[in-house]
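S.K.: This is the structure, below, for whatever I ask next.
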Amino acid sequence: MNNKKKLVLVGNGMAGVWMLEHLLKLAPQTYEITIFGAEPHPNYNRILLSSVLAGGAGMNDIIINDLDWYRENQIELHTGDPVTAIDPQQKLVRSASGKQVSYDELILATGSSAFILPVAGSDKDGVIGFRDIKDCETMMAAATQYKRAAVIGGGLLGLEAARGLLNLGMDVTVIHINEHLMDRQLDRPAGLMLQQELEAQGMQFLLGKRTVELTGKRRVTGVRFTDGTAIDADLVVMAVGIRPNVELATASGVRVNRGIVVDDYMRTNMPGISAVGECAEHRGIGYGLVAPLYEQGTVLAKRLAGIDTVPYEGSVTSTKLKVSGVDVFSAGEFHDAADTRALRMQDDIDGIYKKLVIRDGRLIGAVLFGDTSDGAPLFSLIKSGESVKGREKELLTGQPAGGAAVSPLQRLEAMADDEIVCGCNGVSKAAIGEAVIGKGCNTMKSLKACTKASASCGGCAPVVEGLLQLYAGDNAGVAVKEGICGCTSLDRDEIVSEIKRMGLKTVKETMNVLGWSEPEGCSKCRPALNYYLGMLWPGEYEDEKESRFTNERYHANIQKDGTYSVVPRIYGGVTSPTDLKKIADVAEKYNVPLVKFTGGQRLDLLGVRKEDLPHIWEELDMPSGHAYGKTLRTVKTCVGDTFCRFGTKDAMGMGIQLEKAFERMDAPAKVKLAVSGCPRNCAEAGIKDVGVVALDGAWELYVGGNGGVKIRAGELLCTVKTEDEVMEWTSAFLQYYREQARWNERTAAWIERVGLEHVKEALADGDTRQALVSRLQETLSYTSDPWQNIIQNDELRKNFTDLNESAALAGTSPSAQ
């Protein structure tokens, strides 16, 4: 029986998924997690939408957690399928597609939507907000047909949209209701300096203007203002604020004010329902910046993990961003008041402005323009509330009272270790120091990957680079030897050598003895160690199922909508009417939405529900085609001389012999074979890991081919005369690849790295080949038929039993017709 609690996350955005990342670290085995997202994408960084619009990044560049991350963490993800109803009494959610899932803990992270001004014409074509990737795509498409764009809203989001539209070649006018730009983040002098910079870039501004109507018939053609003036526009982007998405909560009886009302532990008024992110309202405040949402997520993750945590008591916000190439920073209360004192410094030549606001001897706010290097230490002072009496001039000028100049590195040295450098991801100075000194992250790329510092908005990049220089010294920018993952500095060869030398026999023992920094490892190293141990100790090592990906445990390939793909083994692409009828009957019985022929000459049943998997496999009574595993996938064949008038040998027979010989073989990466019955090569043997081509009286063996994203033609390994020699050389090559390649390294990449000549030399000696063949046969002798693995493996049966019990609890039948 599955004892995990069920957690459902409604919303696949930054706040909710960031909370889940922390929860998985704190309590990785506590929850069975399901996520429903309204967009058809995995979790991505909305902060970088402006980079996508400006052409500096694509969708793949802003993905935070790709689909593999969800699979590796056993998260059931439903994209493009928003939750439409919650039943708090039954603890169920229902989605737009009709899915029904039960929960023990429900997290509402529904985010917010762009606020569209309720003016006449706001429903016309060409009027959009700027909140998601679809908005970017709409703007990019419009720029190919139209020339004039108007952006309503002179805040950060509006200026980012305007910069992107400029890059797309449009004439852009920014309309703002107030008298200076970014009035929520900047005071008037800084706002005017920003305006001058942006006008020089080509933006036009209409300030102090209130929109009354969007003109045009079906599509917008212009914007009219309350003072009677108007401008032409073919595209209007609304960037005037956000509105929390609370409709689902309201309909479910969850207390809502402007946002979903939560307490200091992010709980709503409904038992078992929490909220986090832009949809939440805490102590009357809703936050739209990333850092406060991550602070909320930290508290919620700890509570859900059963760990004592301080309550969330609100956030002091700061903004440190690069707006169209201009650095700006603001924090706290930066407007003048009767009980405050303001210190200012302005350099119009270099475009630098600095303002500090002090109350009762304490720094309460700051604005920086042009040079934001002091932003982190100033924000730390604002949050701490410590007295700055006597230090005011030092804080303003960056120099001590004696007047001696202070270098940037000296300023960084003086920063407190617990000072937050990256507000978006909560990364402290100490965390960066530990990554550089303790883990050898000497480049910005490795430091960003290790800590996530500067990985979101990028505003902290100058400080992060400075700290990298501080801690790494002359080694800054020098890439150090990297291990197979962040848990170890050991590479593949070192790990394999130590496992053999020390006789290590389990994943946990290996990590412990070899000094893993993370005692449980990660999704990169655990599968790699599981493979290396199985390869080194066949017959002794017990395969660790929990170190395999979800697809391998369920013998099916998870799809983007959360359903699965089932591919039975069809040897050499040759089937029979009986098997075809069996597949058709099963597909019809379980309402499989799509049956497709694959490129590997097999049939793929797409859209299978998880709870139906055990029944489908049982009724098919066919081996799995392993369309998901790091093993032999397919052996593609042509009809050869059996039917083809050009064929010289039995390609189908050779292909079936190869597939049956290696179908149970684990490998560092997926392996695909092909056999062509003549040099016309209809089976595309030239772009396979091993390709066999028949000639008159001989067989050619090509290796290291790849037909994927990076196409690579196979190279000729040898020419042999008999089928037995084909089997011998293929076996020896595959075993040598198994023993020498890195985890997740295809034969194409391996051949490129070591060179074909090296492989030829290794396999040239007949005794060496026979030894390799014997080791592969020994390994295969310890593995049972894949179908027996599916049906007889007790643990896998338990997985399927748990799935069925879960389905029954949710009120669905695994064998529903």
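Simple scheme: letters A, B, ... for chains in structure tokens order, numbers from 1 for residues in each chain, numbers from 1 for ligands in the order shown.
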With a cut-off of 6 Å, could you pull out the residues of region 55-163 of chain A touching region 9-28 of chain A and give me the nearest pair of atoms for each, distance in Å to one decimal, using only C-alpha atoms, ordered by chain and ascending number, as CSV?
M.R.:
```
residue,atom,partner,partner_atom,distance
A:Ile107,CA,A:Leu9,CA,4.8
A:Leu108,CA,A:Val10,CA,5.1
A:Ala109,CA,A:Gly11,CA,4.9
A:Thr110,CA,A:Gly11,CA,4.8
```
S.K.: Neighbours of Pro568 (chain A) within 12 Å (only C-alpha atoms; same-chain residues fewer than 6 positions away dropped), as a PDB file with N, CA, C and O atoms, in the first residue's frame?
M.R.:
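Saved the output as selection_5.pdb:
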```pdb
ATOM      1  N   HIS A 555       7.519   0.818 -17.435  1.00  0.00           N
ATOM      2  CA  HIS A 555       7.643   0.242 -18.782  1.00  0.00           C
ATOM      3  C   HIS A 555       6.740   0.982 -19.774  1.00  0.00           C
ATOM      4  O   HIS A 555       6.082   0.371 -20.617  1.00  0.00           O
ATOM      5  N   ALA A 556       6.737   2.292 -19.647  1.00  0.00           N
ATOM      6  CA  ALA A 556       5.951   3.129 -20.559  1.00  0.00           C
ATOM      7  C   ALA A 556       6.529   4.527 -20.522  1.00  0.00           C
ATOM      8  O   ALA A 556       7.182   4.919 -19.563  1.00  0.00           O
ATOM      9  N   ASN A 557       6.272   5.272 -21.576  1.00  0.00           N
ATOM     10  CA  ASN A 557       6.880   6.589 -21.739  1.00  0.00           C
ATOM     11  C   ASN A 557       5.870   7.670 -21.389  1.00  0.00           C
ATOM     12  O   ASN A 557       4.839   7.814 -22.072  1.00  0.00           O
ATOM     13  N   THR A 575       5.796  -8.468 -37.973  1.00  0.00           N
ATOM     14  CA  THR A 575       4.713  -8.869 -37.082  1.00  0.00           C
ATOM     15  C   THR A 575       3.800  -9.875 -37.783  1.00  0.00           C
ATOM     16  O   THR A 575       4.111 -10.367 -38.874  1.00  0.00           O
ATOM     17  N   ASP A 579      -0.811 -10.823 -33.837  1.00  0.00           N
ATOM     18  CA  ASP A 579      -0.334  -9.763 -32.945  1.00  0.00           C
ATOM     19  C   ASP A 579      -0.996  -8.429 -33.270  1.00  0.00           C
ATOM     20  O   ASP A 579      -1.298  -7.639 -32.374  1.00  0.00           O
ATOM     21  N   LEU A 580      -1.226  -8.170 -34.556  1.00  0.00           N
ATOM     22  CA  LEU A 580      -1.894  -6.920 -34.931  1.00  0.00           C
ATOM     23  C   LEU A 580      -3.312  -6.876 -34.364  1.00  0.00           C
ATOM     24  O   LEU A 580      -3.767  -5.842 -33.858  1.00  0.00           O
ATOM     25  N   LYS A 582      -4.335  -8.464 -31.706  1.00  0.00           N
ATOM     26  CA  LYS A 582      -4.215  -8.346 -30.259  1.00  0.00           C
ATOM     27  C   LYS A 582      -4.008  -6.878 -29.855  1.00  0.00           C
ATOM     28  O   LYS A 582      -4.653  -6.369 -28.932  1.00  0.00           O
ATOM     29  N   ILE A 583      -3.132  -6.192 -30.576  1.00  0.00           N
ATOM     30  CA  ILE A 583      -2.878  -4.777 -30.288  1.00  0.00           C
ATOM     31  C   ILE A 583      -4.134  -3.954 -30.535  1.00  0.00           C
ATOM     32  O   ILE A 583      -4.498  -3.074 -29.741  1.00  0.00           O
ATOM     33  N   VAL A 586      -6.732  -4.537 -27.701  1.00  0.00           N
ATOM     34  CA  VAL A 586      -6.363  -3.856 -26.460  1.00  0.00           C
ATOM     35  C   VAL A 586      -6.581  -2.344 -26.601  1.00  0.00           C
ATOM     36  O   VAL A 586      -7.121  -1.690 -25.701  1.00  0.00           O
ATOM     37  N   VAL A 595      -3.099   5.279 -32.124  1.00  0.00           N
ATOM     38  CA  VAL A 595      -2.141   4.215 -32.392  1.00  0.00           C
ATOM     39  C   VAL A 595      -1.324   4.648 -33.604  1.00  0.00           C
ATOM     40  O   VAL A 595      -1.889   4.939 -34.662  1.00  0.00           O
ATOM     41  N   PHE A 597       2.371   4.251 -36.090  1.00  0.00           N
ATOM     42  CA  PHE A 597       3.585   3.564 -36.481  1.00  0.00           C
ATOM     43  C   PHE A 597       4.779   4.444 -36.133  1.00  0.00           C
ATOM     44  O   PHE A 597       4.786   5.647 -36.430  1.00  0.00           O
ATOM     45  N   THR A 598       5.785   3.875 -35.509  1.00  0.00           N
ATOM     46  CA  THR A 598       6.969   4.645 -35.131  1.00  0.00           C
ATOM     47  C   THR A 598       8.030   4.565 -36.217  1.00  0.00           C
ATOM     48  O   THR A 598       7.932   3.750 -37.143  1.00  0.00           O
ATOM     49  N   GLY A 600      10.771   3.305 -35.798  1.00  0.00           N
ATOM     50  CA  GLY A 600      11.472   2.050 -35.590  1.00  0.00           C
ATOM     51  C   GLY A 600      10.655   0.837 -35.988  1.00  0.00           C
ATOM     52  O   GLY A 600      10.924  -0.270 -35.528  1.00  0.00           O
ATOM     53  N   GLN A 601       9.652   1.065 -36.821  1.00  0.00           N
ATOM     54  CA  GLN A 601       8.820  -0.029 -37.372  1.00  0.00           C
ATOM     55  C   GLN A 601       8.056  -0.770 -36.274  1.00  0.00           C
ATOM     56  O   GLN A 601       8.012  -2.003 -36.243  1.00  0.00           O
ATOM     57  N   ARG A 602       7.438  -0.023 -35.387  1.00  0.00           N
ATOM     58  CA  ARG A 602       6.624  -0.623 -34.336  1.00  0.00           C
ATOM     59  C   ARG A 602       5.326   0.173 -34.203  1.00  0.00           C
ATOM     60  O   ARG A 602       5.148   1.200 -34.857  1.00  0.00           O
ATOM     61  N   LEU A 603       4.446  -0.304 -33.344  1.00  0.00           N
ATOM     62  CA  LEU A 603       3.185   0.388 -33.083  1.00  0.00           C
ATOM     63  C   LEU A 603       3.234   1.005 -31.695  1.00  0.00           C
ATOM     64  O   LEU A 603       3.614   0.352 -30.720  1.00  0.00           O
ATOM     65  N   ASP A 604       2.829   2.260 -31.615  1.00  0.00           N
ATOM     66  CA  ASP A 604       2.868   3.022 -30.364  1.00  0.00           C
ATOM     67  C   ASP A 604       1.442   3.334 -29.949  1.00  0.00           C
ATOM     68  O   ASP A 604       0.682   3.958 -30.701  1.00  0.00           O
ATOM     69  N   LEU A 605       1.047   2.887 -28.754  1.00  0.00           N
ATOM     70  CA  LEU A 605      -0.276   3.187 -28.202  1.00  0.00           C
ATOM     71  C   LEU A 605      -0.136   4.424 -27.333  1.00  0.00           C
ATOM     72  O   LEU A 605       0.457   4.372 -26.245  1.00  0.00           O
ATOM     73  N   LEU A 606      -0.652   5.541 -27.796  1.00  0.00           N
ATOM     74  CA  LEU A 606      -0.460   6.832 -27.128  1.00  0.00           C
ATOM     75  C   LEU A 606      -1.715   7.255 -26.375  1.00  0.00           C
ATOM     76  O   LEU A 606      -2.834   7.036 -26.831  1.00  0.00           O
ATOM     77  N   ILE A 616      -3.070  -3.454 -19.634  1.00  0.00           N
ATOM     78  CA  ILE A 616      -2.702  -3.442 -21.049  1.00  0.00           C
ATOM     79  C   ILE A 616      -1.528  -4.374 -21.297  1.00  0.00           C
ATOM     80  O   ILE A 616      -1.541  -5.190 -22.232  1.00  0.00           O
ATOM     81  N   TRP A 617      -0.490  -4.294 -20.441  1.00  0.00           N
ATOM     82  CA  TRP A 617       0.656  -5.184 -20.617  1.00  0.00           C
ATOM     83  C   TRP A 617       0.236  -6.658 -20.471  1.00  0.00           C
ATOM     84  O   TRP A 617       0.694  -7.524 -21.216  1.00  0.00           O
ATOM     85  N   GLU A 618      -0.625  -6.933 -19.513  1.00  0.00           N
ATOM     86  CA  GLU A 618      -1.022  -8.310 -19.273  1.00  0.00           C
ATOM     87  C   GLU A 618      -1.789  -8.877 -20.456  1.00  0.00           C
ATOM     88  O   GLU A 618      -1.592 -10.023 -20.864  1.00  0.00           O
ATOM     89  N   GLU A 619      -2.670  -8.069 -21.038  1.00  0.00           N
ATOM     90  CA  GLU A 619      -3.493  -8.555 -22.139  1.00  0.00           C
ATOM     91  C   GLU A 619      -2.740  -8.576 -23.465  1.00  0.00           C
ATOM     92  O   GLU A 619      -3.035  -9.374 -24.342  1.00  0.00           O
ATOM     93  N   LEU A 620      -1.754  -7.665 -23.618  1.00  0.00           N
ATOM     94  CA  LEU A 620      -0.926  -7.734 -24.815  1.00  0.00           C
ATOM     95  C   LEU A 620      -0.082  -9.011 -24.805  1.00  0.00           C
ATOM     96  O   LEU A 620       0.121  -9.648 -25.841  1.00  0.00           O
ATOM     97  N   ASP A 621       0.447  -9.382 -23.621  1.00  0.00           N
ATOM     98  CA  ASP A 621       1.302 -10.562 -23.475  1.00  0.00           C
ATOM     99  C   ASP A 621       2.445 -10.515 -24.489  1.00  0.00           C
ATOM    100  O   ASP A 621       2.771 -11.509 -25.144  1.00  0.00           O
ATOM    101  N   MET A 622       3.041  -9.319 -24.628  1.00  0.00           N
ATOM    102  CA  MET A 622       4.168  -9.103 -25.536  1.00  0.00           C
ATOM    103  C   MET A 622       5.278  -8.401 -24.758  1.00  0.00           C
ATOM    104  O   MET A 622       4.989  -7.639 -23.830  1.00  0.00           O
ATOM    105  N   PRO A 623       6.546  -8.630 -25.103  1.00  0.00           N
ATOM    106  CA  PRO A 623       7.628  -7.926 -24.418  1.00  0.00           C
ATOM    107  C   PRO A 623       7.542  -6.424 -24.663  1.00  0.00           C
ATOM    108  O   PRO A 623       7.032  -5.976 -25.696  1.00  0.00           O
ATOM    109  N   SER A 624       8.051  -5.662 -23.711  1.00  0.00           N
ATOM    110  CA  SER A 624       8.133  -4.213 -23.897  1.00  0.00           C
ATOM    111  C   SER A 624       9.191  -3.894 -24.942  1.00  0.00           C
ATOM    112  O   SER A 624      10.260  -4.515 -24.971  1.00  0.00           O
ATOM    113  N   GLY A 625       8.896  -2.926 -25.787  1.00  0.00           N
ATOM    114  CA  GLY A 625       9.878  -2.477 -26.774  1.00  0.00           C
ATOM    115  C   GLY A 625      10.912  -1.529 -26.199  1.00  0.00           C
ATOM    116  O   GLY A 625      11.794  -1.061 -26.912  1.00  0.00           O
ATOM    117  N   HIS A 626      10.816  -1.233 -24.880  1.00  0.00           N
ATOM    118  CA  HIS A 626      11.786  -0.364 -24.202  1.00  0.00           C
ATOM    119  C   HIS A 626      11.997   0.950 -24.957  1.00  0.00           C
ATOM    120  O   HIS A 626      13.129   1.392 -25.154  1.00  0.00           O
ATOM    121  N   ALA A 627      10.898   1.586 -25.360  1.00  0.00           N
ATOM    122  CA  ALA A 627      10.994   2.862 -26.074  1.00  0.00           C
ATOM    123  C   ALA A 627      11.382   4.003 -25.149  1.00  0.00           C
ATOM    124  O   ALA A 627      11.427   5.148 -25.559  1.00  0.00           O
ATOM    125  N   TYR A 628      11.667   3.694 -23.902  1.00  0.00           N
ATOM    126  CA  TYR A 628      11.949   4.689 -22.871  1.00  0.00           C
ATOM    127  C   TYR A 628      13.310   4.461 -22.229  1.00  0.00           C
ATOM    128  O   TYR A 628      13.786   5.294 -21.484  1.00  0.00           O
ATOM    129  N   ARG A 633      16.742  -0.254 -28.268  1.00  0.00           N
ATOM    130  CA  ARG A 633      15.393   0.203 -28.600  1.00  0.00           C
ATOM    131  C   ARG A 633      14.822  -0.630 -29.753  1.00  0.00           C
ATOM    132  O   ARG A 633      13.872  -1.375 -29.570  1.00  0.00           O
ATOM    133  N   THR A 634      15.402  -0.494 -30.927  1.00  0.00           N
ATOM    134  CA  THR A 634      14.830  -1.140 -32.117  1.00  0.00           C
ATOM    135  C   THR A 634      15.931  -1.681 -33.014  1.00  0.00           C
ATOM    136  O   THR A 634      17.088  -1.242 -32.951  1.00  0.00           O
ATOM    137  N   PRO A 786      12.189  -9.406 -20.777  1.00  0.00           N
ATOM    138  CA  PRO A 786      11.603  -8.138 -20.347  1.00  0.00           C
ATOM    139  C   PRO A 786      10.147  -8.256 -19.925  1.00  0.00           C
ATOM    140  O   PRO A 786       9.698  -7.599 -19.003  1.00  0.00           O
ATOM    141  N   TRP A 787       9.384  -9.124 -20.626  1.00  0.00           N
ATOM    142  CA  TRP A 787       7.974  -9.263 -20.270  1.00  0.00           C
ATOM    143  C   TRP A 787       7.837  -9.885 -18.889  1.00  0.00           C
ATOM    144  O   TRP A 787       6.999  -9.488 -18.085  1.00  0.00           O
ATOM    145  N   ILE A 790       8.197  -7.337 -16.311  1.00  0.00           N
ATOM    146  CA  ILE A 790       7.002  -6.528 -16.112  1.00  0.00           C
ATOM    147  C   ILE A 790       5.999  -7.240 -15.220  1.00  0.00           C
ATOM    148  O   ILE A 790       5.449  -6.671 -14.277  1.00  0.00           O
TER     149      ILE A 790
END
```
S.K.: Which residue out of A:Val316, A:Cys644, A:Leu214, A:Leu396 has the minimum interatomic distance to Val236 (chain A) when only C-alpha atoms are used?
M.R.: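 Counting only C-alpha atoms, the residue closest to Val236 (chain A) is A:Leu214.
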S.K.: Excluding same-chain residues fewer than 3 positions from Lys670 (chain A), what lies within 8 Å of it counting only C-alpha atoms, as a VMD selection string?
M.R.: chain A and resid 629 to 633 667 746
S.K.: Using only C-alpha atoms, find the one residue out of A:Ala57, A:Ile570, A:Met444, A:Ile364 that sits nearest to Leu343 (chain A).
M.R.: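 Result for the nearest residue to Leu343 (chain A): A:Ile364.
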S.K.: Please, which residues of region 605-752 of chain A, numbered as in this document, come out strand (DSSP E) from DSSP, as a PyMOL selection string?
M.R.: chain A and resi 605-608+632-637+671-676+690-695+698-703+715-720
S.K.: Taking C-alpha atoms for each residue, export the selection above as an mmCIF file, in the first residue's frame.
M.R.:
```cif
data_model
loop_
_atom_site.group_PDB
_atom_site.id
_atom_site.type_symbol
_atom_site.label_atom_id
_atom_site.label_comp_id
_atom_site.auth_asym_id
_atom_site.auth_seq_id
_atom_site.Cartn_x
_atom_site.Cartn_y
_atom_site.Cartn_z
ATOM 1 C CA LEU A 605 -0.276 3.187 -28.202
ATOM 2 C CA LEU A 606 -0.460 6.832 -27.128
ATOM 3 C CA GLY A 607 -2.609 8.402 -24.418
ATOM 4 C CA VAL A 608 -2.753 5.417 -22.044
ATOM 5 C CA LEU A 632 18.371 -1.648 -27.123
ATOM 6 C CA ARG A 633 15.393 0.203 -28.600
ATOM 7 C CA THR A 634 14.830 -1.140 -32.117
ATOM 8 C CA VAL A 635 16.387 -3.051 -34.972
ATOM 9 C CA LYS A 636 15.063 -1.616 -38.206
ATOM 10 C CA THR A 637 15.093 -3.838 -41.292
ATOM 11 C CA VAL A 671 20.960 1.968 -28.717
ATOM 12 C CA LYS A 672 19.398 1.589 -32.164
ATOM 13 C CA LEU A 673 20.377 -0.935 -34.837
ATOM 14 C CA ALA A 674 19.411 -1.449 -38.461
ATOM 15 C CA VAL A 675 19.996 -4.064 -41.147
ATOM 16 C CA SER A 676 19.781 -3.285 -44.867
ATOM 17 C CA VAL A 690 25.253 -0.171 -35.273
ATOM 18 C CA GLY A 691 24.245 -0.492 -38.908
ATOM 19 C CA VAL A 692 24.628 -3.692 -40.919
ATOM 20 C CA VAL A 693 24.609 -3.501 -44.726
ATOM 21 C CA ALA A 694 24.546 -6.593 -46.953
ATOM 22 C CA LEU A 695 26.825 -6.888 -49.982
ATOM 23 C CA ALA A 698 29.775 -9.954 -47.290
ATOM 24 C CA TRP A 699 28.360 -7.729 -44.549
ATOM 25 C CA GLU A 700 29.540 -4.207 -43.687
ATOM 26 C CA LEU A 701 29.256 -2.976 -40.077
ATOM 27 C CA TYR A 702 28.925 0.768 -39.488
ATOM 28 C CA VAL A 703 29.065 2.242 -35.974
ATOM 29 C CA GLU A 715 31.779 4.917 -39.804
ATOM 30 C CA LEU A 716 32.844 1.585 -41.249
ATOM 31 C CA LEU A 717 34.085 -0.667 -38.458
ATOM 32 C CA CYS A 718 34.728 -3.826 -40.491
ATOM 33 C CA THR A 719 33.586 -6.058 -43.346
ATOM 34 C CA VAL A 720 32.827 -9.704 -42.555
#
```
S.K.: Run DSSP on the backbone and give me the residues of region 32-226 of chain A it puts in alpha helix (DSSP H), as number ranges by chain.
M.R.: A: 49-54, 59-62, 67-72, 133-143, 156-167, 188-201
S.K.: For region 83-147 of chain A versus region 223-233 of chain A, which residues have an atom no more than 12 Å away, and what is each residue's nearest atom pair and distance in Å rounded to one decimal, using only C-alpha atoms, chain-then-number order, as a Markdown table?
M.R.:
```
| residue | atom | partner | partner_atom | distance |
| --- | --- | --- | --- | --- |
| A:Val119 | CA | A:Arg224 | CA | 10.3 |
| A:Ala120 | CA | A:Arg224 | CA | 10.0 |
| A:Gly121 | CA | A:Val223 | CA | 9.4 |
| A:Ser122 | CA | A:Val223 | CA | 10.2 |
| A:Lys124 | CA | A:Val223 | CA | 11.9 |
| A:Asp125 | CA | A:Ala233 | CA | 11.8 |
| A:Gly126 | CA | A:Ala233 | CA | 9.2 |
| A:Val127 | CA | A:Ala233 | CA | 10.1 |
| A:Ala142 | CA | A:Ala233 | CA | 11.6 |
| A:Ala143 | CA | A:Ala233 | CA | 11.9 |
| A:Tyr146 | CA | A:Ala233 | CA | 8.9 |
| A:Lys147 | CA | A:Ala233 | CA | 8.2 |
```
S.K.: In Å, how far is it from CA of Glu137 (chain A) to CA of Ile64 (chain A)?
M.R.: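 Rounded to one decimal, the two atoms are 19.1 Å apart.
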S.K.: Skipping near chain neighbours, those fewer than 2 positions away, what residues fall within 12 Å of Gln346 (chain A) using only C-alpha atoms, listed as a list in words?
M.R.: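 Contacts, in chain order: Pro189, Ala190, Met193, Leu343, Arg344, Asp348, Ile349, Asp350, Gly351, Ile352, Tyr353, Lys354, Lys355, Leu356, Val367, Leu368, Phe369, Gly370, Asp371, Leu396 and Thr397 of chain A.
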S.K.: What's the 12 Å shell around region 170-172 of chain A, counting only C-alpha atoms, without same-chain residues fewer than 6 positions away, as a ChimeraX atom specification?
M.R.: /A:54,139-152,158-164,198-199,201-206,231-237
S.K.: With only C-alpha atoms as the atoms that count, which of A:Asn167, A:Thr506, A:Ser102, A:Asn43 lies nearest to Gly55 (chain A)?
M.R.: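 Between A:Asn167, A:Thr506, A:Ser102, A:Asn43, the residue approaching Gly55 (chain A) most closely is A:Asn167.
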S.K.: What lies within 7 Å of Ile687 (chain A) using only C-alpha atoms, ignoring chain neighbours under 4 positions off, as a JSON list (two decimals) with C-alpha atoms, in the first residue's frame?
M.R.:
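After the write, part_26.json holds the following:
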```json
[["chain", "number", "residue", "atom", "x", "y", "z"],
["A", 705, "GLY", "CA", 25.71, 6.84, -36.41],
["A", 706, "ASN", "CA", 22.96, 9.10, -35.11],
["A", 707, "GLY", "CA", 19.78, 10.37, -36.74],
["A", 712, "ARG", "CA", 26.08, 11.79, -37.73],
["A", 713, "ALA", "CA", 26.91, 9.24, -40.39],
["A", 714, "GLY", "CA", 28.16, 5.90, -39.11]]
```
S.K.: If we count only C-alpha atoms and set the cut-off at 7 Å, which residues sit around region 286-302 of chain A, ignoring sequence neighbours fewer than 5 positions away in its own chain? Please answer as a list in words.
M.R.: Ala15, Trp18, Met19, Leu20, His22, Leu23, Gly259, Tyr265, Met266, Val276, Gly277, Glu278, Ala280, Glu281, Ile307, Asp308, Thr309, Pro311, Tyr312, Ser315, Gly423, Cys424, Asn425 and Gly426 of chain A
S.K.: Would you write out those residues with C-alpha atoms, as a PDB file, in the first residue's frame?
M.R.:
```pdb
ATOM      1  CA  ALA A  15       6.427  30.325  -6.865  1.00  0.00           C
ATOM      2  CA  TRP A  18      10.134  26.656  -6.311  1.00  0.00           C
ATOM      3  CA  MET A  19       8.309  25.654  -3.123  1.00  0.00           C
ATOM      4  CA  LEU A  20       8.152  22.057  -4.408  1.00  0.00           C
ATOM      5  CA  HIS A  22      12.533  22.810  -1.451  1.00  0.00           C
ATOM      6  CA  LEU A  23       9.939  20.342  -0.244  1.00  0.00           C
ATOM      7  CA  GLY A 259      -6.025  37.865  -3.190  1.00  0.00           C
ATOM      8  CA  TYR A 265       2.201  29.738   7.454  1.00  0.00           C
ATOM      9  CA  MET A 266       0.434  30.232   4.089  1.00  0.00           C
ATOM     10  CA  VAL A 276       1.527  30.885  -2.322  1.00  0.00           C
ATOM     11  CA  GLY A 277       2.702  33.416  -4.868  1.00  0.00           C
ATOM     12  CA  GLU A 278       0.990  36.290  -6.644  1.00  0.00           C
ATOM     13  CA  ALA A 280      -1.946  35.070  -2.176  1.00  0.00           C
ATOM     14  CA  GLU A 281      -2.692  37.993   0.123  1.00  0.00           C
ATOM     15  CA  ILE A 307       9.999  20.961  10.057  1.00  0.00           C
ATOM     16  CA  ASP A 308       9.769  23.786  12.603  1.00  0.00           C
ATOM     17  CA  THR A 309       9.938  27.135  10.873  1.00  0.00           C
ATOM     18  CA  PRO A 311       6.400  32.307  10.405  1.00  0.00           C
ATOM     19  CA  TYR A 312       6.300  34.465   7.299  1.00  0.00           C
ATOM     20  CA  SER A 315       8.801  41.143   3.105  1.00  0.00           C
ATOM     21  CA  GLY A 423      17.077  38.288  -4.030  1.00  0.00           C
ATOM     22  CA  CYS A 424      15.251  36.282  -6.699  1.00  0.00           C
ATOM     23  CA  ASN A 425      16.688  32.995  -5.457  1.00  0.00           C
ATOM     24  CA  GLY A 426      17.662  33.859  -1.889  1.00  0.00           C
TER      25      GLY A 426
END
```
